[in-house]
Amino acid sequence: MSVKKDVVQTKNPRTGRYVKIDRSKGRILTAKKSPGPYKGIPVLRKRSS
Amino acid sequence: MIVYSPINGEVLTNAFKFYPRTAFVMTKLGMPISEELAAMRDALKLQLAKCQFNEIDASSSVTGKDFLDKIWKVILGVPLGIAVLTKDIKPRTLANIYYELGIMDALGKETIIVKSPNYDIPSDFKRTEYINFDKSFSKQFLKFIDNLKEREDHYWLMSEIIQADPVLSIDYIKRAYLLNPLKKYKKEANKIFIENDLNIDEQSKLHIKNFLNSR
């Protein structure tokens with residue numbers, strides 16, 4: 001069974017940088033200043049529904 | 001969502017009109033207009049039409065009310081702002097264009113500058129995307145429109161990720177809807193609104209209902 005992680009990241013197409021989000025709080029935590037994703041944080045690319 | 005009026009400094013509580021898939025064009029409107037600017041407007045009009053985007057500018061509708069109030073409300077209702085800049089536009093007009101561009105950035109709208117190759121952008125706008133009006137204009141503009149599609153998908157995804165904050169989630173859906181007015185966006189926003197009705201403050205409800213009831 002897969003566990004749904006609270007903190008995820010996704011790429012902002014406007015900046016090309018990744019944004020880290022706390023799903024349980026509905027809050028954007030931080031945006032990366034350098035290229036590439038955050039290590040160890042699941043990347044979401046598409047909506048599930 | 002809290003938006004303060006630049007006219008009286010009070011929070012906006014009135015309904016305003018939405019203009020999905022519409023670009024607000026900011027440039028010199030009164031005559032005389034240089035040949036270069038006229039060519040830029042024509043080329044832009046053609047590209048926007050190709051991409052099924054409507055175009056609106058400050059002269060498109062005359063309400064008889066305060067000019068700034070009119071422009072500000074149009075800005076609130078559109079997804080995209082395009083500043084068209086040439087070297088011969090007078091500082092007074094440029095100041096108005098940059099003011100409007102600043103409002104659009106602050107309100108989370110998509111913005112882009114279309115400029116003559118010899119026009120320098122002020123430092124505060126260095127991060128604003130721009131396209132030079134040269135041989136590659138059409139290609140670069142279509143690339144920008146493609147990126148808008150990615151942004152629409154991003155807002156749709158974000159609305160799901162941040163659903164723990166229903167007001168923010170609906171606002172992201174609104175941004176996707178303004179870029180591409182699909183029925184599924186409003187349907188989802190309505191669902192989130194109904195499910196969280198009791199937890200949403202009155203001010204946010206005004207804005208959300210304005211969006212959900214818009215045509």
# chains A, B, ... in the order shown; residues from 1 in each chain; ligands from 1
call {"tool": "interface_residues", "arguments": {"of": "chain A", "to": "chain B", "cutoff": "10 Å", "atoms": "only C-alpha atoms", "output": "list of chain:residue names"}}
result
A:Asp6, A:Val7, A:Val8, A:Gln9, A:Thr10, A:Lys11, A:Asn12, A:Pro13, A:Arg14, A:Thr15, A:Ile21, A:Asp22, A:Arg23, A:Ser24, A:Lys25, A:Gly26, A:Arg27, A:Ile28, A:Leu44, A:Arg45, A:Lys46, A:Arg47, A:Ser48, A:Ser49
call {"tool": "write_last_selection", "arguments": {"atoms": "C-alpha atoms", "output": "compact mmCIF listing (two decimals), in the first residue's frame"}}
result
# COMPACT_ATOMS: atom_id res chain seq x y z
CA ASP A 6 2.19 15.31 3.17
CA VAL A 7 5.03 17.29 1.65
CA VAL A 8 5.30 17.15 -2.15
CA GLN A 9 6.86 19.25 -4.90
CA THR A 10 5.89 20.31 -8.38
CA LYS A 11 7.56 22.35 -11.10
CA ASN A 12 6.29 25.87 -11.69
CA PRO A 13 6.26 26.35 -15.49
CA ARG A 14 6.54 30.12 -15.12
CA THR A 15 9.92 29.95 -13.39
CA ILE A 21 3.99 22.23 -0.69
CA ASP A 22 2.56 20.86 2.55
CA ARG A 23 -0.56 19.09 1.37
CA SER A 24 -2.01 18.56 4.86
CA LYS A 25 -2.01 22.31 5.55
CA GLY A 26 -2.64 23.50 1.99
CA ARG A 27 0.42 25.70 2.27
CA ILE A 28 3.26 26.49 -0.09
CA LEU A 44 3.75 15.57 -8.60
CA ARG A 45 3.30 16.19 -12.32
CA LYS A 46 -0.38 15.63 -13.02
CA ARG A 47 -3.62 15.90 -11.15
CA SER A 48 -5.04 12.59 -9.99
CA SER A 49 -8.60 13.42 -11.09
call {"tool": "atom_distance", "arguments": {"atom1": "atom CA of Val19 of chain A", "atom2": "atom CA of Ala31 of chain A"}}
result
4.3 Å
call {"tool": "atom_distance", "arguments": {"atom1": "atom CA of Ser138 of chain B", "atom2": "atom CA of Ile121 of chain B"}}
result
20.5 Å
call {"tool": "select_by_dssp", "arguments": {"residues": "chain B", "states": "strand (DSSP E)", "output": "list in words"}}
result
Thr22, Ala23, Phe24, Val25, Met26, Asn54, Glu55, Ile56, Asp57, Leu80, Gly81, Ile82, Ala83, Val84, Leu85, Glu110, Thr111, Ile112, Ile113, Val114, Lys115, Tyr130, Ile131 and Asn132 of chain B
call {"tool": "residues_around", "arguments": {"residues": "Ala58 of chain B", "least_positions_apart": "3", "cutoff": "9 Å", "atoms": "only C-alpha atoms", "output": "PyMOL selection string"}}
result
chain B and resi 24-26+29+61-62+67+70-71+74
